[in-house]
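Undergrad: Here it is, the structure in full.
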Amino acid sequence: MIDSYIEWDRVRTVLLDMDGTLLDLQFDNRFWRDHVPLRWGERNGLDPDAARAALEPRFRAREGTLDWYCTDYWSRELGLDVLELKRELEHLIAVHPGVHEFLHAVRASGRRLVLVTNAHARVLELKMHRTALDQHFDAVYSAHEFGVPKEGAGFWERLQAAEPFDPAAALFVDDSLAVLEAARAWGIAQVVAITRPDARFAPRALDWRPAVEGFVQLLPHATMRPRPD
């Protein structure tokens, strides 16, 4: 049971990722792997496979940087309105099972609930408009506010300056190993990995503990207990 790994009596602040954690990563995966190559290929006279082959090295070169998550950057680079392309697929934006229940339980327990995402502000706005998840949170932060992604050096210090919290009394949940490693290295006491960010696929085998498939496994009655003083 995941309860045996999370010491809820020590948790005062719950920090949550968005894409792949709260939201099904199918939207983002299909957007970058299929939809962008399709539209960029149409613009440049390439079939989707040829367009994908041309774009993948450009994508990989920006992974782990704030540019990778920036709609403005990719709009300039590709000559496309990336946000408008996202709207073409917004029907795929979906909340993972158990998320609403988990968020309600955390809020009811009196713990502070904070969304921390690498998503660009306009993408965040699109997804919150679609899901209304922002109504559950005490605060919402995009890494673009701090000029560095969550996996980058200095992110957590900048977040803490904006959102004072005790890392020894924090729980953080994310699907990215790079981000999880950065959070743990910085000192967040309890860091949980999501193994099934895209519901189309089986859970990943991750060399990380604790790890859960999703929020259905993160609904212990302990979250209902009041926050420690």
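Going through the structure tokens in order, the chains are called A, B, and so on, while each chain numbers its residues from 1 and the ligands are numbered from 1 in the order shown.
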For segment 111-154 of chain A against segment 85-95 of chain A, with a cut-off of 8 Å and counting only C-alpha atoms, what is the closest atom pair and its distance in Å to one decimal for every residue that makes the cut, ordered by chain and number, as JSON lines?

TA:
{"residue": "A:Leu126", "atom": "CA", "partner": "A:Arg87", "partner_atom": "CA", "distance": 8.0}
{"residue": "A:Lys127", "atom": "CA", "partner": "A:Ile93", "partner_atom": "CA", "distance": 7.0}
{"residue": "A:Arg130", "atom": "CA", "partner": "A:Ile93", "partner_atom": "CA", "distance": 7.2}
{"residue": "A:Thr131", "atom": "CA", "partner": "A:Val95", "partner_atom": "CA", "distance": 7.1}

Undergrad: Those same residues, written as a CSV table (one decimal), in the first residue's frame with N, CA and C atoms?

TA:
chain,number,residue,atom,x,y,z
A,126,LEU,N,-5.8,27.1,-21.0
A,126,LEU,CA,-6.6,26.3,-21.8
A,126,LEU,C,-7.0,25.0,-21.1
A,127,LYS,N,-6.1,24.4,-20.4
A,127,LYS,CA,-6.4,23.2,-19.7
A,127,LYS,C,-7.2,23.4,-18.5
A,130,ARG,N,-10.8,23.9,-19.6
A,130,ARG,CA,-11.4,22.6,-20.0
A,130,ARG,C,-11.7,21.8,-18.8
A,131,THR,N,-10.9,21.8,-17.7
A,131,THR,CA,-11.1,20.8,-16.6
A,131,THR,C,-11.6,21.5,-15.3

Undergrad: Could you list, as an NGL selection string, every residue within 9 Å of Pro203 of chain A, counting only C-alpha atoms and ignoring same-chain residues fewer than 3 positions away?

TA: :A and (194-199 or 206 or 212-213)

Undergrad: Got a sec to tell me which of chain A DSSP assigns to strand (DSSP E or B), as a PDB file with N, CA and C atoms, in the first residue's frame?

TA:
ATOM      1  N   THR A  13       2.067  20.567   3.061  1.00  0.00           N
ATOM      2  CA  THR A  13       1.896  21.122   1.717  1.00  0.00           C
ATOM      3  C   THR A  13       1.940  19.996   0.702  1.00  0.00           C
ATOM      4  N   VAL A  14       0.974  19.969  -0.220  1.00  0.00           N
ATOM      5  CA  VAL A  14       0.933  18.978  -1.297  1.00  0.00           C
ATOM      6  C   VAL A  14       1.171  19.708  -2.611  1.00  0.00           C
ATOM      7  N   LEU A  15       2.250  19.347  -3.290  1.00  0.00           N
ATOM      8  CA  LEU A  15       2.647  19.948  -4.564  1.00  0.00           C
ATOM      9  C   LEU A  15       2.376  18.939  -5.672  1.00  0.00           C
ATOM     10  N   LEU A  16       1.659  19.356  -6.708  1.00  0.00           N
ATOM     11  CA  LEU A  16       1.260  18.428  -7.764  1.00  0.00           C
ATOM     12  C   LEU A  16       1.611  18.967  -9.144  1.00  0.00           C
ATOM     13  N   ASP A  19       0.556  17.800 -16.261  1.00  0.00           N
ATOM     14  CA  ASP A  19       0.501  16.913 -17.415  1.00  0.00           C
ATOM     15  C   ASP A  19       1.131  15.554 -17.113  1.00  0.00           C
ATOM     16  N   LEU A  23      -3.491  15.192 -15.342  1.00  0.00           N
ATOM     17  CA  LEU A  23      -4.124  15.055 -16.656  1.00  0.00           C
ATOM     18  C   LEU A  23      -3.480  13.927 -17.455  1.00  0.00           C
ATOM     19  N   VAL A  95      -8.975  14.390 -17.301  1.00  0.00           N
ATOM     20  CA  VAL A  95      -8.473  14.242 -15.936  1.00  0.00           C
ATOM     21  C   VAL A  95      -8.354  12.760 -15.612  1.00  0.00           C
ATOM     22  N   ARG A 112      -2.220  22.658   2.486  1.00  0.00           N
ATOM     23  CA  ARG A 112      -2.130  23.586   1.372  1.00  0.00           C
ATOM     24  C   ARG A 112      -1.889  22.793   0.099  1.00  0.00           C
ATOM     25  N   LEU A 113      -2.607  23.152  -0.962  1.00  0.00           N
ATOM     26  CA  LEU A 113      -2.581  22.412  -2.217  1.00  0.00           C
ATOM     27  C   LEU A 113      -2.081  23.343  -3.324  1.00  0.00           C
ATOM     28  N   VAL A 114      -0.979  22.938  -3.968  1.00  0.00           N
ATOM     29  CA  VAL A 114      -0.308  23.821  -4.924  1.00  0.00           C
ATOM     30  C   VAL A 114      -0.039  23.072  -6.226  1.00  0.00           C
ATOM     31  N   LEU A 115      -0.428  23.664  -7.347  1.00  0.00           N
ATOM     32  CA  LEU A 115      -0.135  23.120  -8.667  1.00  0.00           C
ATOM     33  C   LEU A 115       1.162  23.734  -9.174  1.00  0.00           C
ATOM     34  N   VAL A 116       2.085  22.865  -9.607  1.00  0.00           N
ATOM     35  CA  VAL A 116       3.389  23.314 -10.092  1.00  0.00           C
ATOM     36  C   VAL A 116       3.644  22.648 -11.438  1.00  0.00           C
ATOM     37  N   THR A 117       3.653  23.428 -12.509  1.00  0.00           N
ATOM     38  CA  THR A 117       3.725  22.866 -13.852  1.00  0.00           C
ATOM     39  C   THR A 117       4.767  23.570 -14.710  1.00  0.00           C
ATOM     40  N   ALA A 139      -2.874  27.702  -4.806  1.00  0.00           N
ATOM     41  CA  ALA A 139      -1.977  28.479  -5.666  1.00  0.00           C
ATOM     42  C   ALA A 139      -1.611  27.645  -6.885  1.00  0.00           C
ATOM     43  N   VAL A 140      -1.357  28.336  -7.995  1.00  0.00           N
ATOM     44  CA  VAL A 140      -0.966  27.685  -9.258  1.00  0.00           C
ATOM     45  C   VAL A 140       0.260  28.422  -9.790  1.00  0.00           C
ATOM     46  N   TYR A 141       1.316  27.653 -10.114  1.00  0.00           N
ATOM     47  CA  TYR A 141       2.555  28.247 -10.613  1.00  0.00           C
ATOM     48  C   TYR A 141       3.001  27.556 -11.894  1.00  0.00           C
ATOM     49  N   SER A 142       3.408  28.375 -12.860  1.00  0.00           N
ATOM     50  CA  SER A 142       4.060  27.881 -14.074  1.00  0.00           C
ATOM     51  C   SER A 142       5.552  28.162 -13.957  1.00  0.00           C
ATOM     52  N   ALA A 170       6.601  18.491   3.014  1.00  0.00           N
ATOM     53  CA  ALA A 170       5.936  18.563   1.710  1.00  0.00           C
ATOM     54  C   ALA A 170       5.860  17.199   1.046  1.00  0.00           C
ATOM     55  N   LEU A 171       4.800  17.004   0.274  1.00  0.00           N
ATOM     56  CA  LEU A 171       4.625  15.845  -0.605  1.00  0.00           C
ATOM     57  C   LEU A 171       4.563  16.379  -2.029  1.00  0.00           C
ATOM     58  N   PHE A 172       5.319  15.766  -2.938  1.00  0.00           N
ATOM     59  CA  PHE A 172       5.326  16.181  -4.344  1.00  0.00           C
ATOM     60  C   PHE A 172       5.051  14.968  -5.218  1.00  0.00           C
ATOM     61  N   VAL A 173       4.158  15.118  -6.208  1.00  0.00           N
ATOM     62  CA  VAL A 173       3.800  14.035  -7.119  1.00  0.00           C
ATOM     63  C   VAL A 173       4.009  14.504  -8.552  1.00  0.00           C
ATOM     64  N   ASP A 174       4.730  13.694  -9.358  1.00  0.00           N
ATOM     65  CA  ASP A 174       5.052  14.051 -10.741  1.00  0.00           C
ATOM     66  C   ASP A 174       5.266  12.771 -11.523  1.00  0.00           C
ATOM     67  N   GLN A 190       9.014  13.905   0.663  1.00  0.00           N
ATOM     68  CA  GLN A 190       8.234  12.793   0.128  1.00  0.00           C
ATOM     69  C   GLN A 190       7.895  13.084  -1.331  1.00  0.00           C
ATOM     70  N   VAL A 191       8.433  12.262  -2.207  1.00  0.00           N
ATOM     71  CA  VAL A 191       8.336  12.479  -3.651  1.00  0.00           C
ATOM     72  C   VAL A 191       7.829  11.196  -4.300  1.00  0.00           C
ATOM     73  N   VAL A 192       6.664  11.268  -4.935  1.00  0.00           N
ATOM     74  CA  VAL A 192       5.991  10.084  -5.485  1.00  0.00           C
ATOM     75  C   VAL A 192       5.925  10.175  -7.001  1.00  0.00           C
ATOM     76  N   ALA A 193       6.232   9.065  -7.663  1.00  0.00           N
ATOM     77  CA  ALA A 193       6.195   8.986  -9.127  1.00  0.00           C
ATOM     78  C   ALA A 193       4.879   8.399  -9.614  1.00  0.00           C
ATOM     79  N   ILE A 194       4.374   8.936 -10.718  1.00  0.00           N
ATOM     80  CA  ILE A 194       3.214   8.378 -11.416  1.00  0.00           C
ATOM     81  C   ILE A 194       3.736   7.495 -12.553  1.00  0.00           C
ATOM     82  N   ALA A 211       6.213   4.667  -6.022  1.00  0.00           N
ATOM     83  CA  ALA A 211       5.627   4.914  -7.333  1.00  0.00           C
ATOM     84  C   ALA A 211       4.241   4.281  -7.366  1.00  0.00           C
ATOM     85  N   VAL A 212       3.289   4.977  -7.975  1.00  0.00           N
ATOM     86  CA  VAL A 212       1.918   4.480  -8.093  1.00  0.00           C
ATOM     87  C   VAL A 212       1.433   4.687  -9.515  1.00  0.00           C
TER      88      VAL A 212
END

Undergrad: Could you pull out the residues in segment 13-190 of chain A that DSSP calls helix (DSSP H, G or I) from the backbone, as a PyMOL selection string?

TA: chain A and resi 26-44+48-62+66-69+71-78+82-88+90-92+99-109+121-131+133-136+143-145+155-162+167-169+177-186

Undergrad: Applying 12 Å and only C-alpha atoms, which residues near Arg12 of chain A remain after dropping the ones on its own chain fewer than 3 positions away? List them as a ChimeraX atom specification.

TA: /A:7-9,15,106-107,109-114,164-172,188-190,223,225-229

Undergrad: For segment 72-75 of chain A, list every protein, DNA or RNA residue within 12 Å, evaluated using only C-alpha atoms, and leave out those in the same chain fewer than 5 positions away; present the list as a list in words.

TA: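 Counting only C-alpha atoms, the residues come to Trp32, Val36, Trp40, Leu55, Arg58, Phe59, Arg62, Thr65, Leu66, Asp67, Leu80, Asp81, Val82, Leu83, Glu84, Leu85, Lys86, Ala119, His120, Ala121, Arg122, Val123 and His144 of chain A.
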
Undergrad: Residues as selected, N, CA and C atoms, written as a PDB file, in the first residue's frame, can you do that?

TA:
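Result file result_0.pdb:
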ATOM      1  N   TRP A  32       2.232  16.338 -29.974  1.00  0.00           N
ATOM      2  CA  TRP A  32       3.593  16.496 -30.473  1.00  0.00           C
ATOM      3  C   TRP A  32       4.007  15.406 -31.450  1.00  0.00           C
ATOM      4  N   VAL A  36       1.296  17.998 -34.591  1.00  0.00           N
ATOM      5  CA  VAL A  36       2.253  18.996 -35.061  1.00  0.00           C
ATOM      6  C   VAL A  36       2.931  18.540 -36.360  1.00  0.00           C
ATOM      7  N   TRP A  40       2.590  20.791 -39.625  1.00  0.00           N
ATOM      8  CA  TRP A  40       3.852  21.333 -40.128  1.00  0.00           C
ATOM      9  C   TRP A  40       4.179  20.723 -41.490  1.00  0.00           C
ATOM     10  N   LEU A  55      11.327  16.737 -37.530  1.00  0.00           N
ATOM     11  CA  LEU A  55      11.091  17.504 -36.313  1.00  0.00           C
ATOM     12  C   LEU A  55      11.691  16.879 -35.062  1.00  0.00           C
ATOM     13  N   ARG A  58      14.887  18.257 -33.624  1.00  0.00           N
ATOM     14  CA  ARG A  58      14.692  19.609 -33.120  1.00  0.00           C
ATOM     15  C   ARG A  58      14.005  19.582 -31.754  1.00  0.00           C
ATOM     16  N   PHE A  59      13.057  18.667 -31.595  1.00  0.00           N
ATOM     17  CA  PHE A  59      12.397  18.518 -30.304  1.00  0.00           C
ATOM     18  C   PHE A  59      13.385  18.035 -29.247  1.00  0.00           C
ATOM     19  N   ARG A  62      15.757  20.437 -27.495  1.00  0.00           N
ATOM     20  CA  ARG A  62      15.236  21.403 -26.514  1.00  0.00           C
ATOM     21  C   ARG A  62      14.666  20.738 -25.267  1.00  0.00           C
ATOM     22  N   THR A  65      14.711  21.967 -21.335  1.00  0.00           N
ATOM     23  CA  THR A  65      14.830  23.430 -21.286  1.00  0.00           C
ATOM     24  C   THR A  65      13.439  24.038 -21.251  1.00  0.00           C
ATOM     25  N   LEU A  66      13.371  25.299 -20.871  1.00  0.00           N
ATOM     26  CA  LEU A  66      12.078  25.970 -20.829  1.00  0.00           C
ATOM     27  C   LEU A  66      11.491  26.139 -22.225  1.00  0.00           C
ATOM     28  N   ASP A  67      12.358  26.219 -23.243  1.00  0.00           N
ATOM     29  CA  ASP A  67      11.868  26.329 -24.618  1.00  0.00           C
ATOM     30  C   ASP A  67      10.963  25.162 -24.988  1.00  0.00           C
ATOM     31  N   LEU A  80       4.012  28.177 -36.953  1.00  0.00           N
ATOM     32  CA  LEU A  80       2.651  27.713 -36.704  1.00  0.00           C
ATOM     33  C   LEU A  80       2.094  28.410 -35.470  1.00  0.00           C
ATOM     34  N   ASP A  81       0.778  28.489 -35.378  1.00  0.00           N
ATOM     35  CA  ASP A  81       0.131  28.968 -34.163  1.00  0.00           C
ATOM     36  C   ASP A  81      -0.087  27.751 -33.273  1.00  0.00           C
ATOM     37  N   VAL A  82       0.876  27.479 -32.402  1.00  0.00           N
ATOM     38  CA  VAL A  82       0.855  26.247 -31.617  1.00  0.00           C
ATOM     39  C   VAL A  82      -0.351  26.212 -30.681  1.00  0.00           C
ATOM     40  N   LEU A  83      -0.700  27.335 -30.092  1.00  0.00           N
ATOM     41  CA  LEU A  83      -1.852  27.337 -29.192  1.00  0.00           C
ATOM     42  C   LEU A  83      -3.129  27.012 -29.944  1.00  0.00           C
ATOM     43  N   GLU A  84      -3.276  27.545 -31.144  1.00  0.00           N
ATOM     44  CA  GLU A  84      -4.467  27.240 -31.933  1.00  0.00           C
ATOM     45  C   GLU A  84      -4.496  25.760 -32.315  1.00  0.00           C
ATOM     46  N   LEU A  85      -3.335  25.178 -32.608  1.00  0.00           N
ATOM     47  CA  LEU A  85      -3.280  23.742 -32.897  1.00  0.00           C
ATOM     48  C   LEU A  85      -3.700  22.932 -31.681  1.00  0.00           C
ATOM     49  N   LYS A  86      -3.316  23.390 -30.493  1.00  0.00           N
ATOM     50  CA  LYS A  86      -3.734  22.687 -29.281  1.00  0.00           C
ATOM     51  C   LYS A  86      -5.254  22.732 -29.127  1.00  0.00           C
ATOM     52  N   ALA A 119       4.086  23.829 -17.865  1.00  0.00           N
ATOM     53  CA  ALA A 119       3.276  24.300 -18.987  1.00  0.00           C
ATOM     54  C   ALA A 119       3.301  25.816 -19.094  1.00  0.00           C
ATOM     55  N   HIS A 120       3.297  26.299 -20.325  1.00  0.00           N
ATOM     56  CA  HIS A 120       3.206  27.733 -20.597  1.00  0.00           C
ATOM     57  C   HIS A 120       1.867  28.256 -20.069  1.00  0.00           C
ATOM     58  N   ALA A 121       1.855  29.508 -19.656  1.00  0.00           N
ATOM     59  CA  ALA A 121       0.668  30.090 -19.027  1.00  0.00           C
ATOM     60  C   ALA A 121      -0.577  29.957 -19.895  1.00  0.00           C
ATOM     61  N   ARG A 122      -0.431  30.108 -21.211  1.00  0.00           N
ATOM     62  CA  ARG A 122      -1.616  30.042 -22.078  1.00  0.00           C
ATOM     63  C   ARG A 122      -2.119  28.606 -22.242  1.00  0.00           C
ATOM     64  N   VAL A 123      -1.203  27.653 -22.196  1.00  0.00           N
ATOM     65  CA  VAL A 123      -1.611  26.247 -22.221  1.00  0.00           C
ATOM     66  C   VAL A 123      -2.269  25.879 -20.896  1.00  0.00           C
ATOM     67  N   HIS A 144       7.435  29.018 -16.126  1.00  0.00           N
ATOM     68  CA  HIS A 144       7.779  30.173 -16.949  1.00  0.00           C
ATOM     69  C   HIS A 144       7.832  31.460 -16.113  1.00  0.00           C
TER      70      HIS A 144
END

Undergrad: Taking only C-alpha atoms into account, which of A:Glu125, A:Asp175, A:Glu145, A:Asp138 comes nearest Thr21 of chain A?

TA: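 Once distances to Thr21 of chain A are computed over only C-alpha atoms, the minimum belongs to A:Asp175.
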
Undergrad: Go ahead and compute the interatomic distance for atom CA of Asn29 of chain A and atom CA of Ala53 of chain A, in Å to one decimal.

TA: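 Separation between atom CA of Asn29 of chain A and atom CA of Ala53 of chain A: 15.6 Å.
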
Undergrad: In Å, how far is it from atom CA of Ala183 of chain A to atom CA of Arg10 of chain A?

TA: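 That distance, rounded to one decimal, is 17.2 Å.
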
Undergrad: Record the distance separating atom CA of Ala185 of chain A and atom CA of Asn118 of chain A, expressed in Å with one decimal.

TA: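 One can read the atom CA of Ala185 of chain A to atom CA of Asn118 of chain A distance as 18.4 Å.
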
Undergrad: When distances are computed from only C-alpha atoms, which of A:Tyr69, A:Gly98, A:Trp186, A:Phe215 shows the smallest separation from Val148 of chain A?

TA: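 Closest to Val148 of chain A, using only C-alpha atoms: A:Tyr69.
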